[in-house]
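Just data-v1.txt here, compact mmCIF, C-alpha atoms:
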```txt
# COMPACT_ATOMS: atom_id res chain seq x y z
CA MET A 1095 15.37 -1.84 37.39
CA THR A 1096 14.14 -4.19 34.66
CA ILE A 1097 10.99 -3.12 32.85
CA ARG A 1098 8.80 -6.13 32.11
CA GLN A 1099 7.63 -6.10 28.49
CA HIS A 1100 4.14 -7.29 27.62
CA PRO A 1101 4.19 -10.36 25.34
CA LEU A 1102 2.37 -8.37 22.64
CA ASP A 1103 4.63 -5.30 22.67
CA ASN A 1104 6.66 -6.60 19.71
CA PRO A 1105 4.33 -9.31 18.36
CA ILE A 1106 5.84 -9.90 14.92
CA TRP A 1107 9.36 -10.37 16.29
CA LYS A 1108 8.13 -12.58 19.11
CA SER A 1109 5.99 -14.76 16.86
CA LEU A 1110 8.92 -15.30 14.47
CA ASN A 1111 11.14 -16.34 17.39
CA THR A 1112 8.63 -18.70 19.00
CA SER A 1113 5.41 -20.19 17.66
CA GLN A 1114 6.07 -19.29 14.02
CA ALA A 1115 9.85 -19.72 13.93
CA HIS A 1116 9.34 -22.41 11.27
CA LEU A 1117 8.02 -19.70 8.92
CA ALA A 1118 10.88 -17.25 9.56
CA GLU A 1119 13.67 -16.02 7.34
CA SER A 1120 16.38 -14.84 9.72
CA ALA A 1121 19.42 -12.59 10.00
CA ASP A 1122 21.35 -11.52 13.10
CA PHE A 1123 18.87 -9.07 14.63
CA ALA A 1124 15.89 -9.34 12.27
CA LYS A 1125 13.39 -11.85 10.97
CA ARG A 1126 10.69 -11.81 8.36
CA PHE A 1127 8.01 -14.06 6.98
CA SER A 1128 8.53 -15.43 3.49
CA PRO A 1129 7.12 -12.85 1.04
CA GLU A 1130 4.55 -15.40 -0.16
CA ILE A 1131 3.28 -15.72 3.42
CA SER A 1132 3.25 -12.16 4.69
CA LEU A 1133 4.69 -8.68 4.30
CA LEU A 1134 5.44 -8.58 8.04
CA ALA A 1135 8.90 -8.43 9.57
CA GLY A 1136 10.38 -7.55 12.94
CA PHE A 1137 13.58 -7.00 14.85
CA GLU A 1138 14.92 -6.39 18.30
CA GLU A 1139 14.97 -2.82 19.53
CA THR A 1140 18.49 -2.17 18.36
CA SER A 1141 20.24 0.20 15.99
CA GLN A 1142 21.35 -2.86 14.02
CA GLY A 1143 17.82 -3.98 13.25
CA PHE A 1144 17.50 -2.32 9.85
CA ASP A 1145 21.00 -3.44 8.84
CA SER A 1146 20.08 -7.04 9.57
CA LEU A 1147 16.71 -6.65 7.85
CA ALA A 1148 18.45 -5.30 4.74
CA SER A 1149 20.20 -8.64 4.30
CA LEU A 1150 16.79 -10.32 4.01
CA VAL A 1151 15.13 -7.87 1.62
CA ASP A 1152 15.94 -7.34 -2.05
CA ALA A 1153 16.09 -3.89 -3.63
CA GLY A 1154 12.59 -2.69 -4.46
CA GLU A 1155 10.98 -5.16 -2.05
CA SER A 1156 8.85 -4.01 0.89
CA VAL A 1157 8.26 -5.15 4.47
CA GLY A 1158 5.74 -4.07 7.10
CA LEU A 1159 6.75 -3.28 10.69
CA PHE A 1160 4.81 -2.54 13.87
CA LEU A 1161 6.64 0.41 15.46
CA GLU A 1162 6.07 2.05 18.83
CA ALA A 1163 6.45 5.55 17.36
CA PRO A 1164 6.72 7.23 13.95
CA SER A 1165 10.00 6.29 12.29
CA SER A 1166 12.69 8.77 11.36
CA PRO A 1167 14.18 8.39 7.88
CA VAL A 1168 16.38 5.30 7.63
CA LYS A 1169 19.29 5.22 5.20
CA GLY A 1170 18.68 2.70 2.44
CA TRP A 1171 14.91 2.57 2.98
CA THR A 1172 11.90 4.57 1.78
CA ILE A 1173 8.69 4.75 3.80
CA THR A 1174 5.76 4.09 1.45
CA HIS A 1175 3.00 3.86 4.07
CA ALA A 1176 2.62 4.81 7.72
CA ALA A 1177 -0.56 4.81 9.81
CA PRO A 1178 -1.69 4.17 13.39
CA LEU A 1179 -2.73 0.62 14.21
CA LEU A 1180 -4.71 -0.19 17.34
CA GLN A 1181 -4.11 -3.48 19.14
CA MET A 1182 -7.08 -4.95 21.03
CA ILE A 1183 -7.35 -8.08 23.19
CA HIS A 1184 -10.24 -10.30 24.28
CA ALA A 1185 -9.47 -11.38 27.83
CA ALA A 1186 -12.36 -13.74 28.51
CA GLY A 1187 -15.94 -14.71 27.77
CA ALA A 1188 -17.83 -15.97 24.76
CA ILE A 1189 -18.80 -13.69 21.89
CA SER A 1190 -22.51 -13.86 21.14
CA ALA A 1191 -23.33 -14.46 17.49
CA GLN A 1192 -26.12 -15.87 15.38
CA ALA A 1193 -25.75 -19.44 14.20
CA THR A 1194 -23.88 -19.47 10.91
CA ASP A 1195 -22.64 -22.36 8.81
CA PHE A 1196 -18.94 -22.04 8.09
CA VAL A 1197 -16.29 -24.06 6.31
CA GLU A 1198 -12.60 -24.65 7.01
CA LEU A 1199 -10.68 -22.96 4.21
CA THR A 1200 -7.89 -24.95 2.57
CA LYS A 1201 -5.23 -24.49 -0.07
CA THR A 1202 -7.79 -24.95 -2.84
CA ASP A 1203 -9.70 -21.90 -1.53
CA VAL A 1204 -6.71 -19.54 -1.76
CA PRO A 1205 -7.66 -17.90 -5.10
CA GLU A 1206 -11.09 -16.95 -3.72
CA MET A 1207 -9.54 -15.80 -0.42
CA ILE A 1208 -7.15 -13.52 -2.28
CA ALA A 1209 -9.97 -12.17 -4.47
CA LEU A 1210 -12.12 -11.40 -1.40
CA THR A 1211 -9.30 -9.65 0.49
CA GLN A 1212 -8.35 -7.64 -2.59
CA LEU A 1213 -11.95 -6.46 -2.83
CA THR A 1214 -12.47 -5.66 0.85
CA LYS A 1215 -8.87 -4.75 1.89
CA PRO A 1216 -8.73 -6.00 5.50
CA GLY A 1217 -4.95 -6.04 5.22
CA PRO A 1218 -2.28 -7.83 3.15
CA PHE A 1219 -3.13 -11.40 2.20
CA ASN A 1220 -0.65 -13.40 0.15
CA PRO A 1221 -0.73 -16.83 -1.55
CA ARG A 1222 0.61 -18.62 1.55
CA THR A 1223 -0.90 -16.47 4.32
CA ARG A 1224 -3.32 -19.31 5.05
CA GLU A 1225 -0.37 -21.30 6.44
CA MET A 1226 -0.19 -18.96 9.45
CA GLY A 1227 -3.21 -20.58 11.14
CA ALA A 1228 -6.80 -21.73 10.79
CA TYR A 1229 -9.01 -19.82 8.34
CA LEU A 1230 -12.79 -20.09 8.26
CA GLY A 1231 -15.25 -18.94 5.62
CA VAL A 1232 -18.93 -18.59 4.86
CA ARG A 1233 -20.25 -19.63 1.46
CA GLU A 1234 -23.53 -18.87 -0.24
CA ASN A 1235 -24.44 -20.71 -3.41
CA GLY A 1236 -20.84 -21.88 -3.54
CA LYS A 1237 -19.40 -18.35 -3.40
CA LEU A 1238 -17.04 -17.30 -0.59
CA ILE A 1239 -18.78 -14.27 0.97
CA ALA A 1240 -16.93 -13.87 4.28
CA MET A 1241 -13.77 -15.08 6.00
CA ALA A 1242 -11.54 -14.66 9.04
CA GLY A 1243 -8.49 -16.46 10.33
CA GLU A 1244 -5.45 -16.64 12.57
CA ARG A 1245 -2.26 -14.75 11.76
CA LEU A 1246 0.38 -13.98 14.43
CA HIS A 1247 0.96 -16.52 17.20
CA VAL A 1248 2.80 -15.51 20.36
CA PRO A 1249 2.91 -17.99 23.28
CA GLY A 1250 -0.38 -17.47 25.10
CA TYR A 1251 -1.89 -15.28 22.37
CA THR A 1252 -3.30 -15.71 18.85
CA GLU A 1253 -4.24 -12.91 16.46
CA ILE A 1254 -7.54 -12.88 14.58
CA SER A 1255 -7.01 -11.32 11.16
CA ALA A 1256 -8.32 -11.02 7.58
CA VAL A 1257 -11.86 -10.40 8.86
CA CYS A 1258 -13.90 -9.42 5.83
CA THR A 1259 -17.30 -9.74 4.14
CA HIS A 1260 -18.21 -9.21 0.50
CA PRO A 1261 -20.01 -5.82 0.18
CA ASP A 1262 -23.11 -7.51 -1.24
CA PHE A 1263 -23.55 -9.57 1.94
CA LEU A 1264 -22.94 -7.05 4.73
CA GLY A 1265 -25.30 -6.94 7.70
CA ARG A 1266 -25.81 -10.67 8.03
CA GLY A 1267 -23.47 -11.15 10.98
CA CYS A 1268 -21.09 -13.44 9.08
CA ALA A 1269 -17.87 -11.78 10.24
CA ARG A 1270 -19.04 -11.67 13.85
CA ALA A 1271 -19.92 -15.36 13.75
CA LEU A 1272 -16.53 -16.27 12.33
CA MET A 1273 -14.75 -14.16 14.96
CA ALA A 1274 -16.84 -15.76 17.71
CA GLU A 1275 -15.85 -19.23 16.54
CA LEU A 1276 -12.16 -18.33 16.26
CA ALA A 1277 -12.13 -16.64 19.67
CA ALA A 1278 -13.80 -19.68 21.25
CA ARG A 1279 -11.17 -21.96 19.73
CA ILE A 1280 -8.34 -19.72 20.91
CA HIS A 1281 -9.74 -19.48 24.45
CA SER A 1282 -10.20 -23.27 24.51
CA ARG A 1283 -6.43 -23.60 24.00
CA GLY A 1284 -5.85 -21.40 27.05
CA GLU A 1285 -4.80 -18.48 24.87
CA VAL A 1286 -5.98 -14.88 24.52
CA PRO A 1287 -7.35 -13.63 21.17
CA PHE A 1288 -6.09 -10.29 19.92
CA LEU A 1289 -6.42 -8.24 16.76
CA HIS A 1290 -5.28 -5.05 15.07
CA VAL A 1291 -7.57 -2.41 13.57
CA ARG A 1292 -7.03 0.99 12.03
CA PRO A 1293 -8.29 3.62 14.51
CA GLU A 1294 -10.00 5.59 11.75
CA ASN A 1295 -12.19 2.54 11.16
CA ALA A 1296 -14.32 3.60 14.12
CA ARG A 1297 -17.22 1.35 13.12
CA ALA A 1298 -15.05 -1.76 13.33
CA ALA A 1299 -13.31 -0.70 16.55
CA GLU A 1300 -16.65 -0.01 18.23
CA LEU A 1301 -17.98 -3.38 17.05
CA TYR A 1302 -14.95 -5.15 18.50
CA GLU A 1303 -15.45 -3.34 21.81
CA ARG A 1304 -19.07 -4.52 21.92
CA MET A 1305 -17.76 -8.04 21.33
CA GLY A 1306 -15.57 -7.77 24.42
CA PHE A 1307 -12.24 -6.65 22.96
CA THR A 1308 -10.40 -3.92 24.87
CA LYS A 1309 -7.87 -1.41 23.58
CA ARG A 1310 -4.30 -2.16 24.64
CA VAL A 1311 -1.73 -0.17 22.68
CA LEU A 1312 -1.37 1.98 19.57
CA PHE A 1313 1.32 0.98 17.10
CA ARG A 1314 2.55 2.71 13.96
CA TYR A 1315 2.21 0.31 11.04
CA THR A 1316 4.93 1.30 8.60
CA ILE A 1317 5.84 -0.16 5.23
CA PHE A 1318 9.46 0.27 4.18
CA ARG A 1319 10.74 -0.30 0.63
CA ARG A 1320 14.38 -1.30 0.25
CA ASP A 1321 16.21 1.22 -1.92
CA ALA A 1322 18.39 0.17 -4.85
CA LYS A 1323 21.95 -0.54 -3.73
```

Written form, structure tokens:
Amino acid sequence: MTIRQHPLDNPIWKSLNTSQAHLAESADFAKRFSPEISLLAGFEETSQGFDSLASLVDAGESVGLFLEAPSSPVKGWTITHAAPLLQMIHAAGAISAQATDFVELTKTDVPEMIALTQLTKPGPFNPRTREMGAYLGVRENGKLIAMAGERLHVPGYTEISAVCTHPDFLGRGCARALMAELAARIHSRGEVPFLHVRPENARAAELYERMGFTKRVLFRYTIFRRDAK
């Protein structure tokens, strides 16, 4: 009997084989984004996955994987970070939000985007992460104070990511407004928005539930560093 896999069960691997194949660096059973784009990588559920991934990763370099369960030690790799990661989806409906002026972020905004994500730490954001999809921001007096954008793309689904607000401007509803706009755009394409959040960030997870996102599956986000050969 064939078990039907949900399209989001292995989202990094699937995105790199479909909608974001043009951003992939590939080996036999593994793919990764260019390091300047993202730390993320994926492979088929096979014992050869790490061997293939090793051919794409230099000694001392790291990649991030979404695993279904905690990983056992893997020869040639060192785990430097491992934590649960909750996947949530937004099946339908508009997200209510206060009217907020936003701007489309472009290549010239990247230094400010990196500075904001380094301050707020919503997840890794690299010099070319913006190339993964549309990114929106809110500015006040010319300063970027909030942003959110699209990261992984799987046929029928788009991930909302890098949701963050400068600490001095919390409580204004900026992040919610940006997420509402992104979700509306994704739904208008006939796709389903999804996101990932750390379960210990209960405040954010509860906010997303109030916005209409539902919990789907718990991954284990694990960062592996390639050992010296």

Gap from CA of Ala1118 in chain A to CA of Pro1249 in chain A - Å, one decimal:
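So the answer is 15.9 Å.
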
Would you tabulate, counting all atoms listed in the file, all residues of range 1210-1295 of chain A that have an atom at most 12 Å from an atom of range 1151-1167 of chain A, showing the closest pair of atoms and their distance in Å to one decimal, sorted by chain then ascending number, as JSON lines?
```
{"residue": "A:Gly1217", "atom": "CA", "partner": "A:Gly1158", "partner_atom": "CA", "distance": 11.0}
{"residue": "A:Pro1218", "atom": "CA", "partner": "A:Gly1158", "partner_atom": "CA", "distance": 9.7}
{"residue": "A:His1290", "atom": "CA", "partner": "A:Phe1160", "partner_atom": "CA", "distance": 10.5}
```

Closest-contact table, range 1157-1245 of chain A side, partner range 1261-1279 of chain A, 12 Å, counting all atoms listed in the file, as CSV:
```
residue,atom,partner,partner_atom,distance
A:Ile1183,CA,A:Ala1277,CA,10.4
A:His1184,CA,A:Ala1277,CA,8.1
A:Ala1185,CA,A:Ala1277,CA,10.1
A:Ala1186,CA,A:Ala1277,CA,9.3
A:Gly1187,CA,A:Ala1278,CA,8.5
A:Ala1188,CA,A:Ala1278,CA,6.5
A:Ile1189,CA,A:Ala1274,CA,5.1
A:Ser1190,CA,A:Ala1274,CA,6.9
A:Ala1191,CA,A:Ala1271,CA,5.1
A:Gln1192,CA,A:Ala1271,CA,6.4
A:Ala1193,CA,A:Ala1271,CA,7.1
A:Thr1194,CA,A:Ala1271,CA,6.4
A:Asp1195,CA,A:Ala1271,CA,9.0
A:Phe1196,CA,A:Leu1272,CA,7.6
A:Val1197,CA,A:Leu1272,CA,9.8
A:Glu1198,CA,A:Leu1272,CA,10.7
A:Leu1210,CA,A:Pro1261,CA,9.8
A:Thr1211,CA,A:Pro1261,CA,11.4
A:Leu1213,CA,A:Pro1261,CA,8.6
A:Thr1214,CA,A:Pro1261,CA,7.6
A:Lys1215,CA,A:Pro1261,CA,11.3
A:Pro1216,CA,A:Ala1269,CA,11.8
A:Gly1227,CA,A:Leu1276,CA,10.6
A:Ala1228,CA,A:Leu1276,CA,8.4
A:Tyr1229,CA,A:Leu1276,CA,8.7
A:Leu1230,CA,A:Leu1272,CA,6.7
A:Gly1231,CA,A:Leu1272,CA,7.3
A:Val1232,CA,A:Cys1268,CA,7.0
A:Arg1233,CA,A:Cys1268,CA,9.9
A:Glu1234,CA,A:Phe1263,CA,9.6
A:Lys1237,CA,A:Phe1263,CA,11.1
A:Leu1238,CA,A:Phe1263,CA,10.4
A:Ile1239,CA,A:Phe1263,CA,6.8
A:Ala1240,CA,A:Cys1268,CA,6.4
A:Met1241,CA,A:Ala1269,CA,6.8
A:Ala1242,CA,A:Leu1272,CA,6.2
A:Gly1243,CA,A:Leu1276,CA,7.2
A:Glu1244,CA,A:Leu1276,CA,7.8
A:Arg1245,CA,A:Leu1276,CA,11.4
```

Interatomic distance, CA of Tyr1251 in chain A to CA of Gly1306 in chain A (Å, one decimal):
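Taking CA of Tyr1251 in chain A as the start and CA of Gly1306 in chain A as the end point, the length is 15.7 Å.
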
Residue neighbourhood Leu1147 in chain A, 9 Å, all atoms listed in the file, exclusion window fewer than 2 positions, as a PDB file with C-alpha atoms, in the frame of the given file:
```
ATOM      1  CA  SER A1120      16.380 -14.840   9.720  1.00  0.00           C
ATOM      2  CA  ALA A1121      19.420 -12.590  10.000  1.00  0.00           C
ATOM      3  CA  ASP A1122      21.350 -11.520  13.100  1.00  0.00           C
ATOM      4  CA  PHE A1123      18.870  -9.070  14.630  1.00  0.00           C
ATOM      5  CA  ALA A1124      15.890  -9.340  12.270  1.00  0.00           C
ATOM      6  CA  LYS A1125      13.390 -11.850  10.970  1.00  0.00           C
ATOM      7  CA  ARG A1126      10.690 -11.810   8.360  1.00  0.00           C
ATOM      8  CA  ALA A1135       8.900  -8.430   9.570  1.00  0.00           C
ATOM      9  CA  GLY A1136      10.380  -7.550  12.940  1.00  0.00           C
ATOM     10  CA  PHE A1137      13.580  -7.000  14.850  1.00  0.00           C
ATOM     11  CA  GLN A1142      21.350  -2.860  14.020  1.00  0.00           C
ATOM     12  CA  GLY A1143      17.820  -3.980  13.250  1.00  0.00           C
ATOM     13  CA  PHE A1144      17.500  -2.320   9.850  1.00  0.00           C
ATOM     14  CA  ASP A1145      21.000  -3.440   8.840  1.00  0.00           C
ATOM     15  CA  SER A1149      20.200  -8.640   4.300  1.00  0.00           C
ATOM     16  CA  LEU A1150      16.790 -10.320   4.010  1.00  0.00           C
ATOM     17  CA  VAL A1151      15.130  -7.870   1.620  1.00  0.00           C
TER      18      VAL A1151
END
```

Selection: 12 Å around Ala1299 in chain A, all atoms listed in the file, excl. self and same-chain fewer than 4 positions, as a VMD selection string:
chain A and resid 1179 to 1183 1289 to 1295 1303 to 1309

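The gap separating CA of Asp1321 in chain A from CA of Leu1110 in chain A is 24.4 Å, in Å to one decimal.
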
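The residue set within 9 Å of Thr1172 in chain A, counting only C-alpha atoms and dropping same-chain residues fewer than 3 places from it, reads Pro1167, Val1168, Lys1169, Ile1317, Phe1318, Arg1319, Arg1320 and Asp1321 of chain A.
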
Using all atoms listed in the file, pick whichever of A:Glu1300, A:Phe1219, A:Glu1285, A:Met1226 has the shortest atom-to-atom distance to Cys1258 in chain A.
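Counting all atoms listed in the file, the residue closest to Cys1258 in chain A is A:Phe1219.
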
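Across A:Thr1316, A:Gln1099, A:Ser1128, A:Ser1109, the tightest approach to Gly1250 in chain A is made by A:Ser1109 when counting only C-alpha atoms.
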
Restricting the calculation to all atoms listed in the file, which member of A:Asp1103, A:Val1311, A:Pro1129, A:Asn1235 is positioned closest to Asn1220 in chain A?
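Answer, going by the shortest atom-to-atom distance: A:Pro1129.
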
With all atoms listed in the file as the atoms that count, which of A:Val1286, A:Ile1131, A:Ala1177, A:Ile1106 lies nearest to Pro1221 in chain A?
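Using all atoms listed in the file, the shortest distance to Pro1221 in chain A belongs to A:Ile1131.
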
Can range 1222-1233 of chain A be brought up to all heavy atoms and written out as a PDB file, keeping the file's coordinate frame?
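To be explicit, this is the file written out as part-v4.pdb:
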```
ATOM      1  N   ARG A1222       0.381 -17.634   0.503  1.00  0.00           N
ATOM      2  CA  ARG A1222       0.610 -18.620   1.550  1.00  0.00           C
ATOM      3  C   ARG A1222       0.227 -18.102   2.944  1.00  0.00           C
ATOM      4  O   ARG A1222       0.549 -18.744   3.952  1.00  0.00           O
ATOM      5  CB  ARG A1222       2.079 -19.072   1.548  1.00  0.00           C
ATOM      6  CG  ARG A1222       2.479 -19.869   0.304  1.00  0.00           C
ATOM      7  CD  ARG A1222       3.968 -20.207   0.320  1.00  0.00           C
ATOM      8  NE  ARG A1222       4.341 -20.905   1.550  1.00  0.00           N
ATOM      9  CZ  ARG A1222       5.599 -20.943   2.032  1.00  0.00           C
ATOM     10  NH1 ARG A1222       6.570 -20.305   1.398  1.00  0.00           N
ATOM     11  NH2 ARG A1222       5.859 -21.602   3.145  1.00  0.00           N
ATOM     12  N   THR A1223      -0.494 -16.996   3.020  1.00  0.00           N
ATOM     13  CA  THR A1223      -0.900 -16.470   4.320  1.00  0.00           C
ATOM     14  C   THR A1223      -1.719 -17.495   5.098  1.00  0.00           C
ATOM     15  O   THR A1223      -1.625 -17.573   6.336  1.00  0.00           O
ATOM     16  CB  THR A1223      -1.725 -15.180   4.137  1.00  0.00           C
ATOM     17  OG1 THR A1223      -0.919 -14.194   3.480  1.00  0.00           O
ATOM     18  CG2 THR A1223      -2.182 -14.624   5.476  1.00  0.00           C
ATOM     19  N   ARG A1224      -2.473 -18.305   4.405  1.00  0.00           N
ATOM     20  CA  ARG A1224      -3.320 -19.310   5.050  1.00  0.00           C
ATOM     21  C   ARG A1224      -2.507 -20.252   5.933  1.00  0.00           C
ATOM     22  O   ARG A1224      -3.040 -20.833   6.911  1.00  0.00           O
ATOM     23  CB  ARG A1224      -4.064 -20.108   3.978  1.00  0.00           C
ATOM     24  CG  ARG A1224      -5.130 -21.060   4.513  1.00  0.00           C
ATOM     25  CD  ARG A1224      -5.553 -22.056   3.445  1.00  0.00           C
ATOM     26  NE  ARG A1224      -4.415 -22.864   3.025  1.00  0.00           N
ATOM     27  CZ  ARG A1224      -3.963 -23.928   3.689  1.00  0.00           C
ATOM     28  NH1 ARG A1224      -4.552 -24.301   4.811  1.00  0.00           N
ATOM     29  NH2 ARG A1224      -2.936 -24.610   3.242  1.00  0.00           N
ATOM     30  N   GLU A1225      -1.208 -20.399   5.659  1.00  0.00           N
ATOM     31  CA  GLU A1225      -0.370 -21.300   6.440  1.00  0.00           C
ATOM     32  C   GLU A1225      -0.094 -20.776   7.852  1.00  0.00           C
ATOM     33  O   GLU A1225       0.438 -21.510   8.690  1.00  0.00           O
ATOM     34  CB  GLU A1225       0.968 -21.532   5.715  1.00  0.00           C
ATOM     35  CG  GLU A1225       0.818 -22.222   4.377  1.00  0.00           C
ATOM     36  CD  GLU A1225       2.139 -22.354   3.638  1.00  0.00           C
ATOM     37  OE1 GLU A1225       3.210 -22.302   4.305  1.00  0.00           O
ATOM     38  OE2 GLU A1225       2.124 -22.509   2.408  1.00  0.00           O
ATOM     39  N   MET A1226      -0.469 -19.538   8.142  1.00  0.00           N
ATOM     40  CA  MET A1226      -0.190 -18.960   9.450  1.00  0.00           C
ATOM     41  C   MET A1226      -1.148 -19.477  10.531  1.00  0.00           C
ATOM     42  O   MET A1226      -0.879 -19.316  11.733  1.00  0.00           O
ATOM     43  CB  MET A1226      -0.250 -17.431   9.374  1.00  0.00           C
ATOM     44  CG  MET A1226       0.792 -16.839   8.429  1.00  0.00           C
ATOM     45  SD  MET A1226       0.709 -15.041   8.276  1.00  0.00           S
ATOM     46  CE  MET A1226       1.560 -14.547   9.785  1.00  0.00           C
ATOM     47  N   GLY A1227      -2.268 -20.067  10.141  1.00  0.00           N
ATOM     48  CA  GLY A1227      -3.210 -20.580  11.140  1.00  0.00           C
ATOM     49  C   GLY A1227      -4.492 -21.042  10.481  1.00  0.00           C
ATOM     50  O   GLY A1227      -4.582 -21.156   9.251  1.00  0.00           O
ATOM     51  N   ALA A1228      -5.507 -21.281  11.298  1.00  0.00           N
ATOM     52  CA  ALA A1228      -6.800 -21.730  10.790  1.00  0.00           C
ATOM     53  C   ALA A1228      -7.561 -20.571  10.155  1.00  0.00           C
ATOM     54  O   ALA A1228      -7.591 -19.467  10.705  1.00  0.00           O
ATOM     55  CB  ALA A1228      -7.627 -22.327  11.921  1.00  0.00           C
ATOM     56  N   TYR A1229      -8.174 -20.818   9.007  1.00  0.00           N
ATOM     57  CA  TYR A1229      -9.010 -19.820   8.340  1.00  0.00           C
ATOM     58  C   TYR A1229     -10.382 -20.429   8.086  1.00  0.00           C
ATOM     59  O   TYR A1229     -10.496 -21.570   7.622  1.00  0.00           O
ATOM     60  CB  TYR A1229      -8.377 -19.341   7.027  1.00  0.00           C
ATOM     61  CG  TYR A1229      -7.314 -18.304   7.268  1.00  0.00           C
ATOM     62  CD1 TYR A1229      -6.029 -18.682   7.633  1.00  0.00           C
ATOM     63  CD2 TYR A1229      -7.597 -16.942   7.173  1.00  0.00           C
ATOM     64  CE1 TYR A1229      -5.049 -17.731   7.892  1.00  0.00           C
ATOM     65  CE2 TYR A1229      -6.624 -15.986   7.426  1.00  0.00           C
ATOM     66  CZ  TYR A1229      -5.360 -16.384   7.787  1.00  0.00           C
ATOM     67  OH  TYR A1229      -4.397 -15.448   8.058  1.00  0.00           O
ATOM     68  N   LEU A1230     -11.409 -19.647   8.413  1.00  0.00           N
ATOM     69  CA  LEU A1230     -12.790 -20.090   8.260  1.00  0.00           C
ATOM     70  C   LEU A1230     -13.502 -19.184   7.266  1.00  0.00           C
ATOM     71  O   LEU A1230     -13.174 -17.992   7.135  1.00  0.00           O
ATOM     72  CB  LEU A1230     -13.524 -20.032   9.603  1.00  0.00           C
ATOM     73  CG  LEU A1230     -12.863 -20.729  10.794  1.00  0.00           C
ATOM     74  CD1 LEU A1230     -13.705 -20.523  12.045  1.00  0.00           C
ATOM     75  CD2 LEU A1230     -12.654 -22.202  10.517  1.00  0.00           C
ATOM     76  N   GLY A1231     -14.500 -19.735   6.582  1.00  0.00           N
ATOM     77  CA  GLY A1231     -15.250 -18.940   5.620  1.00  0.00           C
ATOM     78  C   GLY A1231     -16.727 -19.269   5.630  1.00  0.00           C
ATOM     79  O   GLY A1231     -17.149 -20.300   6.164  1.00  0.00           O
ATOM     80  N   VAL A1232     -17.498 -18.370   5.060  1.00  0.00           N
ATOM     81  CA  VAL A1232     -18.930 -18.590   4.860  1.00  0.00           C
ATOM     82  C   VAL A1232     -19.187 -18.565   3.359  1.00  0.00           C
ATOM     83  O   VAL A1232     -18.719 -17.648   2.662  1.00  0.00           O
ATOM     84  CB  VAL A1232     -19.777 -17.500   5.554  1.00  0.00           C
ATOM     85  CG1 VAL A1232     -21.261 -17.689   5.244  1.00  0.00           C
ATOM     86  CG2 VAL A1232     -19.539 -17.515   7.059  1.00  0.00           C
ATOM     87  N   ARG A1233     -19.909 -19.555   2.883  1.00  0.00           N
ATOM     88  CA  ARG A1233     -20.250 -19.630   1.460  1.00  0.00           C
ATOM     89  C   ARG A1233     -21.757 -19.516   1.265  1.00  0.00           C
ATOM     90  O   ARG A1233     -22.534 -19.986   2.095  1.00  0.00           O
ATOM     91  CB  ARG A1233     -19.743 -20.936   0.847  1.00  0.00           C
ATOM     92  CG  ARG A1233     -18.229 -21.031   0.733  1.00  0.00           C
ATOM     93  CD  ARG A1233     -17.791 -22.259  -0.076  1.00  0.00           C
ATOM     94  NE  ARG A1233     -16.355 -22.285  -0.292  1.00  0.00           N
ATOM     95  CZ  ARG A1233     -15.733 -21.599  -1.249  1.00  0.00           C
ATOM     96  NH1 ARG A1233     -16.450 -20.845  -2.088  1.00  0.00           N
ATOM     97  NH2 ARG A1233     -14.427 -21.657  -1.377  1.00  0.00           N
TER      98      ARG A1233
END
```
